Structures are given as C-alpha cells and as structure tokens.
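Data first, discussion second: the structure below is written as structure tokens.
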Amino acid sequence: MNQTQFMQRALELAALGKEHASPNPMVGCVIVHNDLIIGEGYHQKHGEAHAEVNAINAVENKSLLSESTVYVTLEPCAHFGKTPPCADLLIKHQVAKVVICNRDPFDQVDGKGISKLENAGIKVEIGLLDHEGLELNKHFFTSIKEQRPYIILKWAETADGFVAQQDGKPVAISNKYSQVQNHKWRSEIDAIMVGEQTVKNDNPTLTTRSWKGKNAKRIILDRRLTSPTNSHIFDQQVETIIFNQKESKKDGKTEWIKISFEKENLISQILDELNKRKVRSLLVEGGPRLHQLFAEQDCYDEVRVIKSPKLLANGLRAIQIPLNLKTLNKQKIMEDEIIVFSK
C-alpha cells in the first residue's frame, strides 16, 4: 500500500462515525510501520475517545510508534475539551511522522496541533486527499466557517411537479424503498425542519424509523403556535424546538423560542439559534413555502429531490430547482429517481 491508500483507509474509518460524531467532525486514523498497518481507529461518538487515541490503543507493540507514520484525516486537536489533546498523545509516543488530510478550522485548533507536533520534532505533511476530506466533513466545515448549519432542502415530487393535494393534504409519492433512503438521510443529520402547515396536514413524527439510527432534533416554524396539541411533535420522544413570535419557554424535550418574523431576518435568526446549539446540519423537509423561503434567501447548500413517475394533475407544486446547480448524484430506486444538487 502507498500513502494515498493509507489515507483512503483513514477516510473510510472516519465515515463510520457519521451518525454519532456530531457536533464533532468525523475523524479516522491509521498507524503504519514498515508499510504495514499496526493500529487504526475512528472517533465513534461525541464525548468519547478521538480517532488517534483509539488507533494508538489498537497498537499491540507501543515501542513501534517511534518508527511509525500516523495518517489522520483531520489535524490533531491541541486543546482540552471533553478529552485531552491528541497532539500531546502523539508527542508522548514520539511518533516519527504525521500525515494530515485537512487542517481543522476550529479556532481552538486551526494550526495549533500542527505547530505542537512540529515543535516537538515530528515531521508533518498536510493535504493528502484534502478534497475527499472536505467532502466527508462538509457539515462540520460549513458550520465552523459560515457559523450556520449545512442546509439541505429535500422533497418528493410527482412527475408533473406536485408534492401534495391542492389543500395540502399528503399523498403517497415516493416508493417504500425511497422512504428508507430518506430515513437514512435523517440518521445522518443533526436537525429536521418543517413548517406549521406540514405539522397540521401530515402530523409527522420526523423520526428515523425505517433505518437503524439516531433521531435528529425536530425544528418547527409555527408563527402563532397553532399546531394541534396532540401532534406527534409534542410527544417528548425527541428534542424539539418551535420557533414562534409569542413566547420562549421549555417543557421537557420541547423548547419554544420567540423570534421576529420579519421576512428578511427570519432565517438568519433561526440559523443563529441552531448554531449556538452546535447544530451542524439541517434537513429542510417542507413544505414548499418553507423551501421557497430558504431558496429566496440563497440559504442552502444542497437540494435533494425524489422524483416519482406518478402523476397528480393538480395539487400543491414543488418549488423550482434553483438555477446553476451542479448535479452531484443520480440514482434509481425502483421506479423513483433521486437527484442530489449542490451549489
């Protein structure tokens, strides 16, 4: 194996933390001695051991570390958080070399881990498979650099462009296998958002049921607090935030946050509150008015559309796909087509 293959393995390991690492980034680590992997690990869950710790713990003969190269997908941390600095751990074991995929933009790291290693006499290389690393941790990097979550607009539409009946009532559009894909997406993000009309019309649970994984936070936009009190969003099963113009309070896992509903400031207020709570990614599931609000303010990073061959002839229309987007991916799931766009 060569350097690129070792880093690719580290990225594969990092991706295993997709559901539970946030708000931390996904990180993988591979330790190599004489072209053989002697230890590897990844950051499995926020608050638990980092990738470098798990990789070093996996090395049976620790005396080999001083002759080994460490491949890690993100700059080793240099500060005390929930765990001690990983840069200090690598220095303690006097590793020969550290190859880093991406520099960590978090201000308590941001070059400090690299400086620590270099000042200790450890050779450091940066940038191997950096594009792949940026793609893997795009939620984290966007959150840190833009001070807002990575935003995904998502909906399912018929072949003639409708998402619901004319009165907003739901209609089956995507097939059951596409619905599994949607639940997999839910397990990979921090928060799901809908508007009050979706709550009234669909009474959604917004949980991960058709895929084994965590539930995201539920974010509801309900200006006048008119959602029925027997709605699933009030079931206390999942942390839920309701943005409204009336009151701020908390009851168990449900929190009401009062904001101004001036159109030009509405989205920015919501994103500021989510950023304070370290929400790194937001899946906006609907309805069309909420999608349009985000699109008009150019406040999104990705659009995911499940296109069904079904025809409705009349109903509530999906928004127009914003112009000049790149097609990231297309896939067929039975008769449905799933298209992912990005800026």
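Ordered as shown in the structure tokens, chains take letters A, B, and onward, while each chain numbers its residues from 1 and ligands are numbered from 1 in the order shown.
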For A:Lys214: contacts at 8 Å, only C-alpha atoms, fewer than 2 positions along chain excluded, given as JSON, numbers by chain: {"A": [19, 20, 187, 188, 208, 212, 216]}
Would you export the selected residues with N, CA and C atoms as a PDB file, in the first residue's frame, please?
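Output contents, as saved in result.pdb:
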```
ATOM      1  N   GLU A  19     -23.055   8.909  12.070  1.00  0.00           N
ATOM      2  CA  GLU A  19     -24.295   9.102  12.818  1.00  0.00           C
ATOM      3  C   GLU A  19     -24.094   9.685  14.214  1.00  0.00           C
ATOM      4  N   HIS A  20     -22.907   9.482  14.808  1.00  0.00           N
ATOM      5  CA  HIS A  20     -22.773   9.804  16.230  1.00  0.00           C
ATOM      6  C   HIS A  20     -21.632  10.758  16.586  1.00  0.00           C
ATOM      7  N   SER A 187     -30.919   9.966   9.691  1.00  0.00           N
ATOM      8  CA  SER A 187     -29.987   9.456  10.708  1.00  0.00           C
ATOM      9  C   SER A 187     -28.621  10.116  10.625  1.00  0.00           C
ATOM     10  N   GLU A 188     -28.338  10.778   9.499  1.00  0.00           N
ATOM     11  CA  GLU A 188     -27.011  11.339   9.261  1.00  0.00           C
ATOM     12  C   GLU A 188     -26.925  12.839   9.518  1.00  0.00           C
ATOM     13  N   THR A 208     -36.469   8.698  12.834  1.00  0.00           N
ATOM     14  CA  THR A 208     -35.812   7.701  11.990  1.00  0.00           C
ATOM     15  C   THR A 208     -36.405   6.339  12.326  1.00  0.00           C
ATOM     16  N   LYS A 212     -31.994   1.977  10.875  1.00  0.00           N
ATOM     17  CA  LYS A 212     -31.455   1.944  12.231  1.00  0.00           C
ATOM     18  C   LYS A 212     -30.503   3.117  12.414  1.00  0.00           C
ATOM     19  N   ALA A 216     -32.911  12.864  14.716  1.00  0.00           N
ATOM     20  CA  ALA A 216     -32.430  14.240  14.681  1.00  0.00           C
ATOM     21  C   ALA A 216     -33.341  15.132  15.524  1.00  0.00           C
TER      22      ALA A 216
END
```
Once DSSP has gone over the backbone, tell me which residues of stretch 188-304 of chain A are in alpha helix (DSSP H), as a short mmCIF file (atom, residue, chain, number, x, y, z; two decimals) with all heavy atoms, in the first residue's frame.
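Saved to states36.cif:
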```
data_model
loop_
_atom_site.label_atom_id
_atom_site.label_comp_id
_atom_site.auth_asym_id
_atom_site.auth_seq_id
_atom_site.Cartn_x
_atom_site.Cartn_y
_atom_site.Cartn_z
N GLU A 196 -45.47 24.91 10.01
CA GLU A 196 -46.68 24.58 10.75
C GLU A 196 -47.72 23.88 9.87
O GLU A 196 -48.46 22.99 10.35
CB GLU A 196 -47.29 25.84 11.36
CG GLU A 196 -47.71 26.88 10.34
CD GLU A 196 -48.15 28.18 10.98
OE1 GLU A 196 -47.29 29.01 11.29
OE2 GLU A 196 -49.37 28.35 11.17
N GLN A 197 -47.80 24.24 8.57
CA GLN A 197 -48.79 23.59 7.71
C GLN A 197 -48.47 22.12 7.52
O GLN A 197 -49.38 21.29 7.45
CB GLN A 197 -48.85 24.29 6.35
CG GLN A 197 -49.60 25.61 6.36
CD GLN A 197 -51.02 25.47 6.88
OE1 GLN A 197 -51.43 26.18 7.80
NE2 GLN A 197 -51.78 24.52 6.33
N THR A 198 -47.20 21.77 7.46
CA THR A 198 -46.82 20.35 7.36
C THR A 198 -47.22 19.61 8.63
O THR A 198 -47.69 18.47 8.57
CB THR A 198 -45.30 20.22 7.13
OG1 THR A 198 -44.97 20.84 5.88
CG2 THR A 198 -44.88 18.77 7.08
N VAL A 199 -47.06 20.25 9.78
CA VAL A 199 -47.49 19.63 11.04
C VAL A 199 -49.01 19.40 11.01
O VAL A 199 -49.49 18.32 11.37
CB VAL A 199 -47.11 20.52 12.25
CG1 VAL A 199 -47.70 19.94 13.53
CG2 VAL A 199 -45.59 20.62 12.36
N LYS A 200 -49.76 20.39 10.57
CA LYS A 200 -51.23 20.27 10.56
C LYS A 200 -51.71 19.24 9.54
O LYS A 200 -52.64 18.46 9.81
CB LYS A 200 -51.85 21.64 10.24
CG LYS A 200 -51.66 22.67 11.33
CD LYS A 200 -52.17 24.03 10.87
CE LYS A 200 -51.94 25.09 11.95
NZ LYS A 200 -52.33 26.43 11.48
N ASN A 201 -51.09 19.25 8.36
CA ASN A 201 -51.58 18.37 7.29
C ASN A 201 -51.09 16.93 7.41
O ASN A 201 -51.83 15.99 7.13
CB ASN A 201 -51.15 18.93 5.92
CG ASN A 201 -51.84 20.23 5.57
OD1 ASN A 201 -52.98 20.45 5.97
ND2 ASN A 201 -51.16 21.08 4.83
N ASP A 202 -49.82 16.76 7.83
CA ASP A 202 -49.21 15.43 7.83
C ASP A 202 -49.13 14.80 9.22
O ASP A 202 -48.98 13.59 9.33
CB ASP A 202 -47.79 15.50 7.26
CG ASP A 202 -47.75 15.91 5.80
OD1 ASP A 202 -48.79 16.35 5.28
OD2 ASP A 202 -46.67 15.79 5.19
N LYS A 263 -39.47 39.02 7.36
CA LYS A 263 -39.02 38.06 6.36
C LYS A 263 -37.51 38.10 6.13
O LYS A 263 -36.85 37.07 6.02
CB LYS A 263 -39.75 38.30 5.04
CG LYS A 263 -39.47 37.24 3.99
CD LYS A 263 -40.34 37.45 2.76
CE LYS A 263 -40.07 36.37 1.71
NZ LYS A 263 -40.90 36.56 0.50
N GLU A 264 -36.95 39.32 6.09
CA GLU A 264 -35.53 39.44 5.76
C GLU A 264 -34.62 38.91 6.87
O GLU A 264 -33.44 38.60 6.63
CB GLU A 264 -35.15 40.89 5.43
CG GLU A 264 -35.39 41.89 6.54
CD GLU A 264 -36.78 42.49 6.54
OE1 GLU A 264 -37.68 41.90 5.90
OE2 GLU A 264 -36.97 43.54 7.18
N ASN A 265 -35.14 38.81 8.11
CA ASN A 265 -34.32 38.34 9.23
C ASN A 265 -34.73 36.97 9.77
O ASN A 265 -34.07 36.44 10.67
CB ASN A 265 -34.38 39.35 10.39
CG ASN A 265 -33.83 40.70 10.01
OD1 ASN A 265 -32.83 40.78 9.31
ND2 ASN A 265 -34.48 41.76 10.46
N LEU A 266 -35.79 36.42 9.25
CA LEU A 266 -36.37 35.20 9.82
C LEU A 266 -35.39 34.03 9.79
O LEU A 266 -35.09 33.42 10.83
CB LEU A 266 -37.65 34.84 9.06
CG LEU A 266 -38.36 33.56 9.50
CD1 LEU A 266 -38.72 33.61 10.98
CD2 LEU A 266 -39.61 33.33 8.65
N ILE A 267 -34.86 33.72 8.63
CA ILE A 267 -33.97 32.56 8.50
C ILE A 267 -32.68 32.77 9.29
O ILE A 267 -32.20 31.85 9.97
CB ILE A 267 -33.64 32.27 7.02
CG1 ILE A 267 -34.92 31.89 6.26
CG2 ILE A 267 -32.62 31.15 6.90
CD1 ILE A 267 -35.62 30.67 6.77
N SER A 268 -32.14 33.97 9.25
CA SER A 268 -30.87 34.23 9.95
C SER A 268 -31.03 34.05 11.46
O SER A 268 -30.12 33.54 12.14
CB SER A 268 -30.34 35.63 9.63
OG SER A 268 -31.23 36.63 10.07
N GLN A 269 -32.19 34.44 12.01
CA GLN A 269 -32.42 34.25 13.45
C GLN A 269 -32.44 32.77 13.80
O GLN A 269 -31.86 32.34 14.80
CB GLN A 269 -33.76 34.88 13.85
CG GLN A 269 -33.80 36.39 13.83
CD GLN A 269 -35.20 36.87 14.15
OE1 GLN A 269 -35.56 37.03 15.31
NE2 GLN A 269 -36.01 37.08 13.13
N ILE A 270 -33.12 31.99 12.98
CA ILE A 270 -33.21 30.54 13.23
C ILE A 270 -31.84 29.91 13.16
O ILE A 270 -31.44 29.12 14.03
CB ILE A 270 -34.17 29.89 12.20
CG1 ILE A 270 -35.60 30.37 12.45
CG2 ILE A 270 -34.07 28.36 12.26
CD1 ILE A 270 -36.57 30.00 11.35
N LEU A 271 -31.07 30.27 12.14
CA LEU A 271 -29.75 29.67 11.96
C LEU A 271 -28.80 30.08 13.08
O LEU A 271 -27.95 29.28 13.52
CB LEU A 271 -29.18 30.05 10.60
CG LEU A 271 -29.98 29.54 9.39
CD1 LEU A 271 -29.29 29.93 8.09
CD2 LEU A 271 -30.21 28.04 9.45
N ASP A 272 -28.94 31.31 13.56
CA ASP A 272 -28.11 31.76 14.69
C ASP A 272 -28.39 30.91 15.93
O ASP A 272 -27.47 30.50 16.65
CB ASP A 272 -28.38 33.23 15.00
CG ASP A 272 -27.73 34.18 14.01
OD1 ASP A 272 -26.86 33.72 13.23
OD2 ASP A 272 -28.09 35.37 14.01
N GLU A 273 -29.67 30.65 16.19
CA GLU A 273 -30.04 29.84 17.36
C GLU A 273 -29.54 28.41 17.21
O GLU A 273 -29.05 27.81 18.18
CB GLU A 273 -31.57 29.84 17.55
CG GLU A 273 -32.14 31.16 18.02
CD GLU A 273 -31.72 31.51 19.45
OE1 GLU A 273 -31.35 30.61 20.22
OE2 GLU A 273 -31.79 32.71 19.80
N LEU A 274 -29.63 27.87 16.01
CA LEU A 274 -29.16 26.49 15.79
C LEU A 274 -27.64 26.42 15.90
O LEU A 274 -27.09 25.45 16.43
CB LEU A 274 -29.62 25.98 14.43
CG LEU A 274 -31.14 25.85 14.24
CD1 LEU A 274 -31.46 25.28 12.87
CD2 LEU A 274 -31.77 24.99 15.34
N ASN A 275 -26.97 27.45 15.43
CA ASN A 275 -25.51 27.49 15.53
C ASN A 275 -25.07 27.53 16.99
O ASN A 275 -24.08 26.87 17.37
CB ASN A 275 -24.98 28.71 14.77
CG ASN A 275 -23.45 28.72 14.73
OD1 ASN A 275 -22.81 27.78 14.26
ND2 ASN A 275 -22.85 29.79 15.24
N LYS A 276 -25.78 28.29 17.83
CA LYS A 276 -25.46 28.33 19.26
C LYS A 276 -25.55 26.94 19.89
O LYS A 276 -24.83 26.63 20.83
CB LYS A 276 -26.43 29.27 20.00
CG LYS A 276 -26.24 30.74 19.69
CD LYS A 276 -27.32 31.55 20.40
CE LYS A 276 -27.30 33.01 19.98
NZ LYS A 276 -28.44 33.77 20.59
N PRO A 288 -43.47 23.49 0.67
CA PRO A 288 -42.91 24.34 -0.38
C PRO A 288 -42.67 25.79 0.03
O PRO A 288 -41.71 26.41 -0.43
CB PRO A 288 -43.98 24.26 -1.48
CG PRO A 288 -44.69 22.98 -1.22
CD PRO A 288 -44.69 22.79 0.26
N ARG A 289 -43.54 26.34 0.88
CA ARG A 289 -43.34 27.74 1.31
C ARG A 289 -42.04 27.88 2.10
O ARG A 289 -41.33 28.88 1.97
CB ARG A 289 -44.52 28.22 2.15
CG ARG A 289 -45.77 28.50 1.33
CD ARG A 289 -46.77 29.33 2.10
NE ARG A 289 -47.21 28.65 3.32
CZ ARG A 289 -48.00 29.21 4.23
NH1 ARG A 289 -48.43 30.44 4.08
NH2 ARG A 289 -48.37 28.52 5.31
N LEU A 290 -41.76 26.90 2.92
CA LEU A 290 -40.51 26.93 3.70
C LEU A 290 -39.31 26.74 2.78
O LEU A 290 -38.30 27.44 2.90
CB LEU A 290 -40.54 25.84 4.78
CG LEU A 290 -39.42 25.88 5.82
CD1 LEU A 290 -39.38 27.21 6.56
CD2 LEU A 290 -39.56 24.73 6.81
N HIS A 291 -39.41 25.81 1.83
CA HIS A 291 -38.34 25.64 0.83
C HIS A 291 -38.10 26.95 0.08
O HIS A 291 -36.95 27.35 -0.15
CB HIS A 291 -38.71 24.54 -0.16
CG HIS A 291 -38.67 23.16 0.40
ND1 HIS A 291 -39.57 22.18 0.06
CD2 HIS A 291 -37.82 22.58 1.29
CE1 HIS A 291 -39.29 21.07 0.70
NE2 HIS A 291 -38.23 21.28 1.45
N GLN A 292 -39.19 27.60 -0.32
CA GLN A 292 -39.07 28.84 -1.08
C GLN A 292 -38.39 29.93 -0.27
O GLN A 292 -37.58 30.71 -0.79
CB GLN A 292 -40.46 29.31 -1.53
CG GLN A 292 -40.43 30.45 -2.55
CD GLN A 292 -39.79 30.03 -3.87
OE1 GLN A 292 -40.04 28.95 -4.38
NE2 GLN A 292 -38.96 30.90 -4.42
N LEU A 293 -38.69 29.98 1.01
CA LEU A 293 -38.09 30.98 1.90
C LEU A 293 -36.57 30.82 1.94
O LEU A 293 -35.82 31.80 1.84
CB LEU A 293 -38.69 30.85 3.29
CG LEU A 293 -38.37 31.95 4.31
CD1 LEU A 293 -38.81 33.32 3.79
CD2 LEU A 293 -39.05 31.64 5.64
N PHE A 294 -36.11 29.59 2.09
CA PHE A 294 -34.67 29.33 2.09
C PHE A 294 -34.06 29.63 0.72
O PHE A 294 -32.97 30.21 0.63
CB PHE A 294 -34.39 27.88 2.49
CG PHE A 294 -34.35 27.64 3.97
CD1 PHE A 294 -35.52 27.39 4.67
CD2 PHE A 294 -33.16 27.67 4.67
CE1 PHE A 294 -35.50 27.17 6.04
CE2 PHE A 294 -33.11 27.45 6.04
CZ PHE A 294 -34.30 27.20 6.73
N ALA A 295 -34.75 29.23 -0.34
CA ALA A 295 -34.22 29.43 -1.69
C ALA A 295 -34.12 30.90 -2.04
O ALA A 295 -33.14 31.36 -2.62
CB ALA A 295 -35.10 28.70 -2.71
N GLU A 296 -35.15 31.68 -1.69
CA GLU A 296 -35.15 33.12 -2.00
C GLU A 296 -34.01 33.85 -1.31
O GLU A 296 -33.48 34.82 -1.84
CB GLU A 296 -36.49 33.74 -1.57
CG GLU A 296 -37.65 33.42 -2.49
CD GLU A 296 -38.96 33.96 -1.97
OE1 GLU A 296 -38.97 34.47 -0.82
OE2 GLU A 296 -39.97 33.87 -2.70
#
```
Point-to-point distance in Å for atom CA of A:Pro309 and atom CA of A:Glu337: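 Spanning atom CA of A:Glu337 to atom CA of A:Pro309 is a straight-line distance of 8.5 Å.
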Counting only C-alpha atoms, the option among A:Asp190, A:Glu12, A:Glu302, A:Glu335 closest to A:Pro322: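 Between A:Asp190, A:Glu12, A:Glu302, A:Glu335, the residue approaching A:Pro322 most closely is A:Glu302.
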Proximity of stretch 115-180 of chain A to stretch 83-92 of chain A: per-residue shortest pair, 12 Å limit, only C-alpha atoms, as a tab-separated table:
```
residue	atom	partner	partner_atom	distance
A:Ser115	CA	A:Ala87	CA	9.3
A:Lys116	CA	A:Ala87	CA	6.7
A:Leu117	CA	A:Ala87	CA	6.4
A:Glu118	CA	A:Ile91	CA	9.6
A:Asn119	CA	A:Ile91	CA	9.7
A:Ala120	CA	A:Ile91	CA	6.7
A:Gly121	CA	A:Ile91	CA	8.8
A:Ile122	CA	A:Ile91	CA	7.7
A:Lys123	CA	A:Ile91	CA	11.1
A:Val124	CA	A:Ala87	CA	11.6
```
Gap from atom CA of A:Lys62 to atom CA of A:His93 - Å, one decimal: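 Distance reported for this atom pair: 7.9 Å.
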Option closest in space to A:Trp256, from A:Phe80, A:Phe234, A:Phe106, A:Trp185 [counting only C-alpha atoms]: A:Phe234
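Distance-wise, atom CA of A:Ile321 and atom CA of A:Trp211 end up 27.6 Å apart.
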DSSP strand (DSSP E or B) selection over stretch 102-339 of chain A, as a VMD selection string: chain A and resid 102 123 to 126 150 to 157 162 to 164 191 to 195 217 to 221 240 to 244 249 to 251 254 to 258 281 to 286 302 to 307 316 to 317 326 to 333 336 to 339
Shell around A:Ile152 at 7 Å using only C-alpha atoms, local window under 2 positions removed, as JSON, numbers by chain: {"A": [150, 154, 282, 283, 284, 300, 301, 302, 303]}
Go ahead and write the residues just picked, N, CA and C atoms, as a CSV table (one decimal), in the first residue's frame.
```
chain,number,residue,atom,x,y,z
A,150,TYR,N,-25.0,23.3,7.8
A,150,TYR,CA,-25.0,22.9,6.4
A,150,TYR,C,-26.5,22.6,6.1
A,154,LYS,N,-35.0,19.3,0.9
A,154,LYS,CA,-35.4,17.9,0.4
A,154,LYS,C,-36.9,17.8,0.2
A,282,LEU,N,-28.8,20.7,8.8
A,282,LEU,CA,-30.2,20.9,8.8
A,282,LEU,C,-30.9,20.4,7.6
A,283,LEU,N,-31.8,19.5,7.7
A,283,LEU,CA,-32.6,18.9,6.6
A,283,LEU,C,-34.0,19.6,6.6
A,284,VAL,N,-34.2,20.4,5.6
A,284,VAL,CA,-35.5,21.1,5.5
A,284,VAL,C,-36.4,20.3,4.6
A,300,TYR,N,-28.9,27.8,1.4
A,300,TYR,CA,-28.9,26.3,1.3
A,300,TYR,C,-27.6,25.9,0.7
A,301,ASP,N,-27.2,24.6,0.9
A,301,ASP,CA,-26.0,24.1,0.3
A,301,ASP,C,-26.3,23.0,-0.7
A,302,GLU,N,-27.4,22.3,-0.5
A,302,GLU,CA,-27.7,21.1,-1.3
A,302,GLU,C,-29.2,21.0,-1.5
A,303,VAL,N,-29.7,20.4,-2.6
A,303,VAL,CA,-31.1,20.1,-2.8
A,303,VAL,C,-31.2,18.6,-3.2
```
Residue among A:Ile233, A:Leu206, A:Leu36, A:Val95 lying closest to A:Gln5, counting only C-alpha atoms: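 Of the candidates, the smallest distance to A:Gln5 is held by A:Leu36.
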Near-A:Gln166 list (9 Å; only C-alpha atoms; drop same-chain fewer than 2 positions) as a list of chain:residue names: A:Ala164, A:Gly168, A:Lys169, A:Asn314, A:Gly315, A:Leu316, A:Arg317
Would you mind exporting N, CA and C atoms of the selected residues as an mmCIF file, in the first residue's frame?
```
data_model
loop_
_atom_site.group_PDB
_atom_site.id
_atom_site.type_symbol
_atom_site.label_atom_id
_atom_site.label_comp_id
_atom_site.auth_asym_id
_atom_site.auth_seq_id
_atom_site.Cartn_x
_atom_site.Cartn_y
_atom_site.Cartn_z
ATOM 1 N N ALA A 164 -48.170 17.528 -2.952
ATOM 2 C CA ALA A 164 -49.322 17.224 -2.105
ATOM 3 C C ALA A 164 -50.596 17.573 -2.864
ATOM 4 N N GLY A 168 -53.177 20.734 0.513
ATOM 5 C CA GLY A 168 -52.006 20.464 1.334
ATOM 6 C C GLY A 168 -51.994 19.092 1.971
ATOM 7 N N LYS A 169 -53.075 18.341 1.838
ATOM 8 C CA LYS A 169 -53.128 17.012 2.439
ATOM 9 C C LYS A 169 -52.127 16.083 1.738
ATOM 10 N N ASN A 314 -53.110 17.809 -10.488
ATOM 11 C CA ASN A 314 -53.448 19.038 -9.771
ATOM 12 C C ASN A 314 -52.966 18.885 -8.337
ATOM 13 N N GLY A 315 -52.611 20.012 -7.723
ATOM 14 C CA GLY A 315 -52.155 19.917 -6.342
ATOM 15 C C GLY A 315 -51.240 21.062 -5.957
ATOM 16 N N LEU A 316 -50.494 20.839 -4.885
ATOM 17 C CA LEU A 316 -49.537 21.829 -4.377
ATOM 18 C C LEU A 316 -48.196 21.586 -5.047
ATOM 19 N N ARG A 317 -47.674 22.605 -5.702
ATOM 20 C CA ARG A 317 -46.459 22.432 -6.505
ATOM 21 C C ARG A 317 -45.187 22.521 -5.669
#
```
Shell around A:Thr158 at 7 Å using only C-alpha atoms, local window under 5 positions removed, as a VMD selection string: chain A and resid 163 173 307 to 312
Just N, CA, C and O atoms for this one: save the residues we selected as an mmCIF file, in the first residue's frame.
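selection-v9.cif, written as the output of this step:
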```cif
data_model
loop_
_atom_site.group_PDB
_atom_site.id
_atom_site.type_symbol
_atom_site.label_atom_id
_atom_site.label_comp_id
_atom_site.auth_asym_id
_atom_site.auth_seq_id
_atom_site.Cartn_x
_atom_site.Cartn_y
_atom_site.Cartn_z
ATOM 1 N N VAL A 163 -46.299 18.073 -4.849
ATOM 2 C CA VAL A 163 -45.826 17.451 -3.607
ATOM 3 C C VAL A 163 -46.966 17.041 -2.675
ATOM 4 O O VAL A 163 -46.756 16.311 -1.703
ATOM 5 N N ILE A 173 -46.208 9.560 -2.633
ATOM 6 C CA ILE A 173 -45.462 9.895 -3.849
ATOM 7 C C ILE A 173 -44.307 8.923 -4.067
ATOM 8 O O ILE A 173 -44.260 8.209 -5.059
ATOM 9 N N LYS A 307 -37.930 11.950 -7.300
ATOM 10 C CA LYS A 307 -38.856 12.158 -8.417
ATOM 11 C C LYS A 307 -39.581 10.851 -8.718
ATOM 12 O O LYS A 307 -38.960 9.850 -9.057
ATOM 13 N N SER A 308 -40.894 10.883 -8.561
ATOM 14 C CA SER A 308 -41.714 9.704 -8.805
ATOM 15 C C SER A 308 -42.333 9.780 -10.200
ATOM 16 O O SER A 308 -42.606 10.874 -10.700
ATOM 17 N N PRO A 309 -42.587 8.642 -10.839
ATOM 18 C CA PRO A 309 -43.264 8.670 -12.146
ATOM 19 C C PRO A 309 -44.773 8.903 -12.025
ATOM 20 O O PRO A 309 -45.466 9.072 -13.035
ATOM 21 N N LYS A 310 -45.283 8.933 -10.813
ATOM 22 C CA LYS A 310 -46.716 9.136 -10.617
ATOM 23 C C LYS A 310 -47.146 10.518 -11.095
ATOM 24 O O LYS A 310 -46.367 11.474 -11.065
ATOM 25 N N LEU A 311 -48.399 10.618 -11.517
ATOM 26 C CA LEU A 311 -48.977 11.892 -11.948
ATOM 27 C C LEU A 311 -50.108 12.278 -10.992
ATOM 28 O O LEU A 311 -50.866 11.421 -10.539
ATOM 29 N N LEU A 312 -50.202 13.567 -10.694
ATOM 30 C CA LEU A 312 -51.263 14.045 -9.799
ATOM 31 C C LEU A 312 -52.238 14.971 -10.528
ATOM 32 O O LEU A 312 -53.384 15.110 -10.141
#
```
